[in-house]
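Printed here is upload_5.csv (CSV, C-alpha atoms):
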chain,number,residue,atom,x,y,z
A,202,MET,CA,-20.6,-29.4,-4.0
A,203,ALA,CA,-20.2,-27.8,-0.6
A,204,SER,CA,-20.1,-24.1,-0.6
A,205,MET,CA,-18.4,-21.6,1.5
A,206,THR,CA,-18.9,-17.9,2.4
A,207,ILE,CA,-16.4,-15.2,1.8
A,208,ARG,CA,-16.3,-11.5,2.3
A,209,VAL,CA,-15.2,-9.3,-0.6
A,210,LEU,CA,-13.9,-5.7,-0.2
A,211,TYR,CA,-13.5,-3.1,-2.9
A,212,PHE,CA,-11.2,-0.1,-2.5
A,213,ALA,CA,-10.5,3.3,-4.1
A,214,ARG,CA,-11.5,3.8,-7.7
A,215,LEU,CA,-13.0,0.3,-8.0
A,216,ARG,CA,-15.3,0.9,-5.0
A,217,ASP,CA,-16.4,4.2,-6.6
A,218,VAL,CA,-17.1,2.7,-10.1
A,219,LEU,CA,-18.8,-0.4,-8.7
A,220,ARG,CA,-20.7,1.5,-6.0
A,221,THR,CA,-19.9,-1.3,-3.6
A,222,SER,CA,-17.4,-1.3,-0.7
A,223,GLU,CA,-18.2,-4.8,0.6
A,224,GLU,CA,-20.3,-7.9,-0.1
A,225,THR,CA,-20.7,-11.5,1.1
A,226,LEU,CA,-20.6,-14.2,-1.5
A,227,ALA,CA,-21.1,-17.9,-1.6
A,228,LEU,CA,-18.5,-19.9,-3.6
A,229,PRO,CA,-17.9,-23.6,-4.1
A,230,GLU,CA,-15.2,-24.9,-1.7
A,231,GLY,CA,-11.8,-24.9,-3.4
A,232,ALA,CA,-12.7,-21.9,-5.6
A,233,THR,CA,-9.7,-19.8,-6.7
A,234,LEU,CA,-9.4,-16.0,-7.1
A,235,ALA,CA,-9.9,-16.6,-10.9
A,236,ASP,CA,-13.2,-18.3,-10.2
A,237,LEU,CA,-14.3,-15.3,-8.1
A,238,VAL,CA,-13.3,-12.9,-10.9
A,239,ALA,CA,-15.2,-14.9,-13.5
A,240,LEU,CA,-18.3,-14.7,-11.3
A,241,LEU,CA,-17.9,-10.9,-11.1
A,242,VAL,CA,-17.3,-10.5,-14.8
A,243,ALA,CA,-20.5,-12.5,-15.5
A,244,ARG,CA,-22.5,-9.6,-13.9
A,245,GLY,CA,-21.7,-7.6,-17.0
A,246,GLY,CA,-21.5,-3.8,-17.1
A,247,ASP,CA,-18.8,-2.1,-15.0
A,248,TRP,CA,-18.0,-5.4,-13.4
A,249,ALA,CA,-17.0,-6.9,-16.8
A,250,THR,CA,-15.1,-3.7,-17.8
A,251,GLU,CA,-13.1,-3.7,-14.5
A,252,PHE,CA,-12.4,-7.4,-14.2
A,253,GLY,CA,-12.7,-8.7,-17.7
A,254,GLY,CA,-9.1,-8.0,-18.8
A,255,ALA,CA,-9.2,-4.4,-20.0
A,256,ARG,CA,-8.0,-2.9,-16.7
A,257,VAL,CA,-5.3,-3.8,-14.2
A,258,PHE,CA,-6.4,-4.7,-10.7
A,259,ARG,CA,-4.7,-6.3,-7.6
A,260,ALA,CA,-6.1,-8.9,-5.2
A,261,ALA,CA,-5.4,-9.8,-1.6
A,262,ILE,CA,-6.5,-12.9,0.4
A,263,ASN,CA,-6.6,-12.3,4.2
A,264,GLN,CA,-4.6,-9.2,3.8
A,265,ASP,CA,-1.7,-10.7,1.7
A,266,MET,CA,-1.2,-9.9,-2.0
A,267,ALA,CA,-2.5,-12.9,-4.0
A,268,SER,CA,-2.4,-14.2,-7.6
A,269,LEU,CA,-5.4,-15.4,-9.6
A,270,ALA,CA,-4.4,-19.1,-9.3
A,271,GLU,CA,-4.6,-19.0,-5.5
A,272,VAL,CA,-7.4,-21.0,-3.7
A,273,ILE,CA,-9.6,-19.0,-1.5
A,274,PRO,CA,-10.0,-20.5,2.0
A,275,ALA,CA,-13.4,-20.6,3.7
A,276,ASP,CA,-14.4,-17.4,5.5
A,277,ALA,CA,-11.6,-15.5,3.8
A,278,GLU,CA,-11.4,-11.8,3.5
A,279,VAL,CA,-10.8,-11.1,-0.2
A,280,ALA,CA,-10.0,-7.6,-1.4
A,281,LEU,CA,-10.0,-6.3,-4.9
A,282,PHE,CA,-8.3,-2.9,-5.7
A,283,PRO,CA,-6.4,-0.8,-8.2
A,284,PRO,CA,-2.6,-0.8,-8.2
A,285,VAL,CA,-1.5,1.1,-5.1
A,286,THR,CA,-0.3,4.7,-5.2
A,287,GLY,CA,0.9,5.5,-1.7
A,288,GLY,CA,4.2,7.0,-0.4
B,282,MET,CA,15.5,-4.1,15.5
B,283,ASP,CA,12.9,-1.7,17.0
B,284,VAL,CA,10.1,-1.2,14.6
B,285,THR,CA,7.5,1.6,14.8
B,286,ILE,CA,4.7,1.6,12.2
B,287,ARG,CA,1.8,4.1,12.3
B,288,VAL,CA,-1.0,5.0,9.9
B,289,GLN,CA,-2.7,8.2,11.0
B,290,GLU,CA,-4.6,11.3,9.9
B,291,ALA,CA,-2.6,13.6,12.1
B,292,ASP,CA,0.6,15.3,10.9
B,293,PHE,CA,4.0,14.0,12.3
B,294,SER,CA,7.1,15.7,13.5
B,295,LEU,CA,10.4,14.7,12.0
B,296,ALA,CA,12.3,16.1,15.0
B,297,ASP,CA,10.2,14.2,17.5
B,298,GLU,CA,10.5,10.9,15.7
B,299,TYR,CA,14.2,11.4,15.1
B,300,ALA,CA,14.8,12.1,18.8
B,301,LEU,CA,13.3,8.7,19.6
B,302,LEU,CA,15.9,6.9,17.4
B,303,ALA,CA,19.0,8.9,17.7
B,304,GLY,CA,21.2,8.8,20.8
B,305,ARG,CA,21.4,5.0,21.0
B,306,ALA,CA,25.0,3.8,21.6
B,307,GLU,CA,25.0,1.4,18.6
B,308,VAL,CA,23.5,3.9,16.0
B,309,GLY,CA,26.0,5.6,13.8
B,310,ALA,CA,23.7,6.7,11.0
B,311,VAL,CA,20.0,7.7,10.7
B,312,VAL,CA,18.6,8.2,7.2
B,313,ALA,CA,15.4,10.2,7.0
B,314,PHE,CA,12.9,10.4,4.1
B,315,VAL,CA,9.8,12.6,4.0
B,316,GLY,CA,7.3,12.4,1.2
B,317,LEU,CA,5.2,15.6,0.5
B,318,VAL,CA,2.1,16.5,-1.4
B,319,ARG,CA,3.5,17.9,-4.7
B,320,ASP,CA,1.7,20.2,-7.1
B,321,VAL,CA,0.4,19.0,-10.5
B,322,PRO,CA,1.8,22.2,-12.1
B,323,GLY,CA,-0.4,25.0,-10.9
B,324,ARG,CA,-3.7,23.1,-10.4
B,325,LEU,CA,-3.5,20.8,-7.3
B,326,ALA,CA,-5.8,21.8,-4.5
B,327,GLY,CA,-5.1,18.8,-2.3
B,328,MET,CA,-5.5,15.1,-2.1
B,329,THR,CA,-7.3,12.4,-0.2
B,330,LEU,CA,-5.4,9.3,0.9
B,331,GLU,CA,-7.3,6.0,1.4
B,332,HIS,CA,-5.9,2.8,2.8
B,333,TYR,CA,-6.9,-0.8,3.6
B,334,PRO,CA,-6.9,-0.8,7.5
B,335,GLY,CA,-5.2,-3.9,8.8
B,336,MET,CA,-3.5,-4.9,5.5
B,337,THR,CA,-1.6,-1.7,5.4
B,338,GLU,CA,0.1,-2.3,8.8
B,339,LYS,CA,0.6,-5.9,8.0
B,340,GLN,CA,2.4,-5.2,4.6
B,341,LEU,CA,4.5,-2.4,6.1
B,342,GLY,CA,5.6,-4.7,8.8
B,343,MET,CA,6.6,-7.4,6.3
B,344,ILE,CA,8.5,-4.9,4.2
B,345,VAL,CA,10.4,-3.6,7.2
B,346,ALA,CA,11.1,-7.2,8.4
B,347,GLN,CA,12.6,-8.1,5.0
B,348,ALA,CA,14.8,-5.0,5.1
B,349,GLY,CA,16.0,-6.1,8.6
B,350,GLU,CA,17.0,-9.5,7.2
B,351,ARG,CA,19.0,-7.9,4.4
B,352,TRP,CA,20.8,-5.2,6.4
B,353,PRO,CA,21.9,-4.8,10.0
B,354,LEU,CA,19.4,-2.2,11.2
B,355,SER,CA,18.9,-0.9,14.8
B,356,ALA,CA,15.5,0.7,14.3
B,357,VAL,CA,13.0,1.7,11.6
B,358,THR,CA,10.1,4.1,11.9
B,359,VAL,CA,7.3,4.4,9.2
B,360,VAL,CA,4.5,6.9,9.7
B,361,HIS,CA,2.1,7.3,6.8
B,362,ARG,CA,-0.8,9.7,6.8
B,363,VAL,CA,-4.3,9.1,5.4
B,364,GLY,CA,-7.3,11.4,4.9
B,365,GLU,CA,-7.4,14.9,3.5
B,366,LEU,CA,-4.0,16.5,2.7
B,367,LYS,CA,-3.3,19.9,1.3
B,368,LEU,CA,-0.5,21.0,-1.0
B,369,SER,CA,3.0,20.7,0.5
B,370,GLU,CA,1.8,18.7,3.5
B,371,GLN,CA,3.8,15.8,4.8
B,372,ILE,CA,2.5,12.3,3.6
B,373,VAL,CA,5.1,9.8,4.8
B,374,LEU,CA,8.0,9.6,7.1
B,375,LEU,CA,10.7,6.9,7.0
B,376,LEU,CA,13.6,6.8,9.5
B,377,VAL,CA,16.2,4.0,9.3
B,378,ALA,CA,18.9,3.8,12.0
B,379,SER,CA,22.0,1.6,11.6
B,380,ALA,CA,25.6,1.4,12.7
B,381,HIS,CA,26.7,2.4,9.2
B,382,ARG,CA,25.3,4.7,6.6
B,383,ASP,CA,25.5,2.3,3.7
B,384,ALA,CA,23.0,0.0,5.3
B,385,ALA,CA,20.7,2.9,6.3
B,386,PHE,CA,20.7,4.4,2.8
B,387,ALA,CA,20.1,1.1,1.0
B,388,ALA,CA,17.4,-0.1,3.4
B,389,SER,CA,15.6,3.3,3.0
B,390,GLN,CA,15.5,2.9,-0.8
B,391,PHE,CA,14.3,-0.7,-0.4
B,392,ILE,CA,11.5,0.1,2.0
B,393,MET,CA,10.2,3.0,0.0
B,394,ASP,CA,10.3,1.0,-3.3
B,395,PHE,CA,8.3,-1.8,-1.7
B,396,LEU,CA,5.9,0.6,0.1
B,397,LYS,CA,5.1,2.3,-3.3
B,398,ASN,CA,4.2,-1.1,-4.8
B,399,GLU,CA,2.8,-3.2,-2.1
B,400,ALA,CA,1.3,-1.1,0.7
B,401,PRO,CA,-2.4,-0.6,0.0
B,402,PHE,CA,-2.7,3.2,-0.1
B,403,TRP,CA,-4.5,5.1,-2.9
B,404,LYS,CA,-4.3,8.8,-3.7
B,405,LYS,CA,-7.2,10.9,-5.1
B,406,GLU,CA,-6.1,14.3,-6.3
B,407,THR,CA,-8.4,17.3,-6.2
B,408,THR,CA,-7.9,20.0,-8.8
B,409,GLY,CA,-10.1,22.9,-10.1
B,410,GLU,CA,-11.7,20.4,-12.4
B,411,GLY,CA,-12.7,17.9,-9.7
B,412,ALA,CA,-11.2,14.8,-8.1
B,413,ALA,CA,-9.5,11.9,-9.8
B,414,TRP,CA,-7.7,8.8,-8.6
B,415,VAL,CA,-4.0,8.7,-9.3
B,416,GLU,CA,-2.8,6.0,-11.7
B,417,ALA,CA,0.1,3.8,-10.6
B,418,LYS,CA,3.4,4.5,-12.4
B,419,ASP,CA,5.3,1.8,-14.3
B,420,SER,CA,8.5,3.4,-13.0
B,421,ASP,CA,7.5,2.4,-9.4
B,422,ALA,CA,7.1,-1.2,-10.4
B,423,ALA,CA,10.4,-1.1,-12.4
B,424,ALA,CA,12.2,0.2,-9.3
B,425,LEU,CA,11.7,-3.2,-7.6
B,426,LEU,CA,13.8,-5.0,-10.2
B,427,ARG,CA,17.0,-3.6,-8.8
B,428,TRP,CA,16.4,-5.6,-5.6
B,429,SER,CA,15.8,-8.9,-7.2
B,430,ARG,CA,19.0,-8.6,-9.4
B,431,GLU,CA,21.3,-8.2,-6.5

If you took the structure in this file and wrote it as structure tokens, what would it be?
Amino acid sequence: MASMTIRVLYFARLRDVLRTSEETLALPEGATLADLVALLVARGGDWATEFGGARVFRAAINQDMASLAEVIPADAEVALFPPVTGG
Amino acid sequence: MDVTIRVQEADFSLADEYALLAGRAEVGAVVAFVGLVRDVPGRLAGMTLEHYPGMTEKQLGMIVAQAGERWPLSAVTVVHRVGELKLSEQIVLLLVASAHRDAAFAASQFIMDFLKNEAPFWKKETTGEGAAWVEAKDSDAAALLRWSRE
């Protein structure tokens, strides 16, 4: 299957816990956010704790809020972050 | 509708921003909201505000545009600070100008409710015991329900 490259950004508490602010990943074309999350959970440790269901997180694709079922376009900028607390 | 959206480290002046909106012939009401750094009883030293550059401005723009579709608004200004903030400092300014006060009040509530839930800002509070990320409140998410019922 053809693969695509995406950029993944982490913010706030997630970036601190995962000690990662940004990475580039290869995913199969047509992969969804849920597929990306499964890949991260498979890393185990803090990745599994944060994305494995125990904690709430939010996701954005190309700077719009996105749900887990959404397909990630090629060259997308995906962001994973805790629920927002501005204002 | 004239829209001004800024994310900045520098403080802002309510008077200066107000002066830019008031005095237009069609404006009969300006509602102003200022959010401040509030104490966690007796122990807050300050906070750090982080955001997602690019998405923040995009989301704020979409929220303000939705308000503009719902109410007849002349102008909206949103200024949100990021970086290091001390106790009682200003965090966010919202100004909504309209011909009538009902639209200005309602649109102000709408914009702040959505900003609280959808604009990618995160607060980290610093106290005597160290720094900790602020958890999102269920009451902020619940506040959005009033806009879907209407």

Could you check the closest approach to chain A for each of B:Pro353, B:Pro401, B:Gly364, B:Gly309 and tell me which residue wins, using only C-alpha atoms?
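Smallest separation from chain A among the options: B:Pro401.
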
Identify, on the basis of all atoms listed in the file, every residue whose closest approach to A:Leu237 does not exceed 9 Å; exclude the query and any residue fewer than 4 positions from it along the same chain; express the result as a compact mmCIF listing (two decimals) with C-alpha atoms, in the coordinates of the input.
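As written to disk, selection-v3.txt reads:
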# COMPACT_ATOMS: atom_id res chain seq x y z
CA LEU A 228 -18.50 -19.90 -3.60
CA ALA A 232 -12.70 -21.90 -5.60
CA THR A 233 -9.70 -19.80 -6.70
CA LEU A 241 -17.90 -10.90 -11.10
CA VAL A 242 -17.30 -10.50 -14.80
CA ILE A 273 -9.60 -19.00 -1.50

Neighbours of stretch 412-419 of chain B within 12 Å (all atoms listed in the file; same-chain residues fewer than 6 positions away dropped), as a ChimeraX atom specification?
/A:212-218,256-259,282-288 /B:321,324-331,394,397-399,401-406,425-426

For the residues selected in the previous step, produce a file with C-alpha atoms as a PDB file, in the frame of the given file.
ATOM      1  CA  PHE A 212     -11.200  -0.100  -2.500  1.00  0.00           C
ATOM      2  CA  ALA A 213     -10.500   3.300  -4.100  1.00  0.00           C
ATOM      3  CA  ARG A 214     -11.500   3.800  -7.700  1.00  0.00           C
ATOM      4  CA  LEU A 215     -13.000   0.300  -8.000  1.00  0.00           C
ATOM      5  CA  ARG A 216     -15.300   0.900  -5.000  1.00  0.00           C
ATOM      6  CA  ASP A 217     -16.400   4.200  -6.600  1.00  0.00           C
ATOM      7  CA  VAL A 218     -17.100   2.700 -10.100  1.00  0.00           C
ATOM      8  CA  ARG A 256      -8.000  -2.900 -16.700  1.00  0.00           C
ATOM      9  CA  VAL A 257      -5.300  -3.800 -14.200  1.00  0.00           C
ATOM     10  CA  PHE A 258      -6.400  -4.700 -10.700  1.00  0.00           C
ATOM     11  CA  ARG A 259      -4.700  -6.300  -7.600  1.00  0.00           C
ATOM     12  CA  PHE A 282      -8.300  -2.900  -5.700  1.00  0.00           C
ATOM     13  CA  PRO A 283      -6.400  -0.800  -8.200  1.00  0.00           C
ATOM     14  CA  PRO A 284      -2.600  -0.800  -8.200  1.00  0.00           C
ATOM     15  CA  VAL A 285      -1.500   1.100  -5.100  1.00  0.00           C
ATOM     16  CA  THR A 286      -0.300   4.700  -5.200  1.00  0.00           C
ATOM     17  CA  GLY A 287       0.900   5.500  -1.700  1.00  0.00           C
ATOM     18  CA  GLY A 288       4.200   7.000  -0.400  1.00  0.00           C
TER      19      GLY A 288
ATOM     20  CA  VAL B 321       0.400  19.000 -10.500  1.00  0.00           C
ATOM     21  CA  ARG B 324      -3.700  23.100 -10.400  1.00  0.00           C
ATOM     22  CA  LEU B 325      -3.500  20.800  -7.300  1.00  0.00           C
ATOM     23  CA  ALA B 326      -5.800  21.800  -4.500  1.00  0.00           C
ATOM     24  CA  GLY B 327      -5.100  18.800  -2.300  1.00  0.00           C
ATOM     25  CA  MET B 328      -5.500  15.100  -2.100  1.00  0.00           C
ATOM     26  CA  THR B 329      -7.300  12.400  -0.200  1.00  0.00           C
ATOM     27  CA  LEU B 330      -5.400   9.300   0.900  1.00  0.00           C
ATOM     28  CA  GLU B 331      -7.300   6.000   1.400  1.00  0.00           C
ATOM     29  CA  ASP B 394      10.300   1.000  -3.300  1.00  0.00           C
ATOM     30  CA  LYS B 397       5.100   2.300  -3.300  1.00  0.00           C
ATOM     31  CA  ASN B 398       4.200  -1.100  -4.800  1.00  0.00           C
ATOM     32  CA  GLU B 399       2.800  -3.200  -2.100  1.00  0.00           C
ATOM     33  CA  PRO B 401      -2.400  -0.600   0.000  1.00  0.00           C
ATOM     34  CA  PHE B 402      -2.700   3.200  -0.100  1.00  0.00           C
ATOM     35  CA  TRP B 403      -4.500   5.100  -2.900  1.00  0.00           C
ATOM     36  CA  LYS B 404      -4.300   8.800  -3.700  1.00  0.00           C
ATOM     37  CA  LYS B 405      -7.200  10.900  -5.100  1.00  0.00           C
ATOM     38  CA  GLU B 406      -6.100  14.300  -6.300  1.00  0.00           C
ATOM     39  CA  LEU B 425      11.700  -3.200  -7.600  1.00  0.00           C
ATOM     40  CA  LEU B 426      13.800  -5.000 -10.200  1.00  0.00           C
TER      41      LEU B 426
END

Which polymer residues, whether protein, DNA or RNA, lie within 12 Å of the coordinate (20.2, -7.8, 10.6) when you count all atoms listed in the file? List them as a ChimeraX atom specification, using the chain letters and numbers from the file.
/B:282-283,345-357,378-380,384-385,388

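Here atom CA of B:Arg305 and atom CA of B:Ile392 stand 22.0 Å from one another.
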
Find the residue from A:Ser222, A:Gly245, A:Glu251, A:Val238 that sits nearest to chain B; use only C-alpha atoms when measuring.
A:Ser222

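As for atom CA of A:Leu269 and atom CA of A:Asp236, they are spaced 8.3 Å apart.
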
Counting only C-alpha atoms, the option among B:Met336, B:Val284, B:Leu375, B:Leu368 closest to chain A
B:Met336

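Rounded to one decimal, atom CA of A:Pro274 and atom CA of A:Arg220 lie 25.7 Å from each other.
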
Pick from A:Gln264, A:Ala270, A:Asp276, A:Leu210, whichever lies nearest to chain B using all atoms listed in the file
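The shortest atom-to-atom distance to chain B comes from A:Gln264.
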
For chain B, the nearest of the candidates A:Val272, A:Gly254, A:Tyr211, A:Asp247, counting all atoms listed in the file:
A:Tyr211

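Among B:Ala310, B:Met343, B:Val318, B:Ala424, the residue with the shortest atom-to-atom distance to B:Arg382, counting all atoms listed in the file, is B:Ala310.
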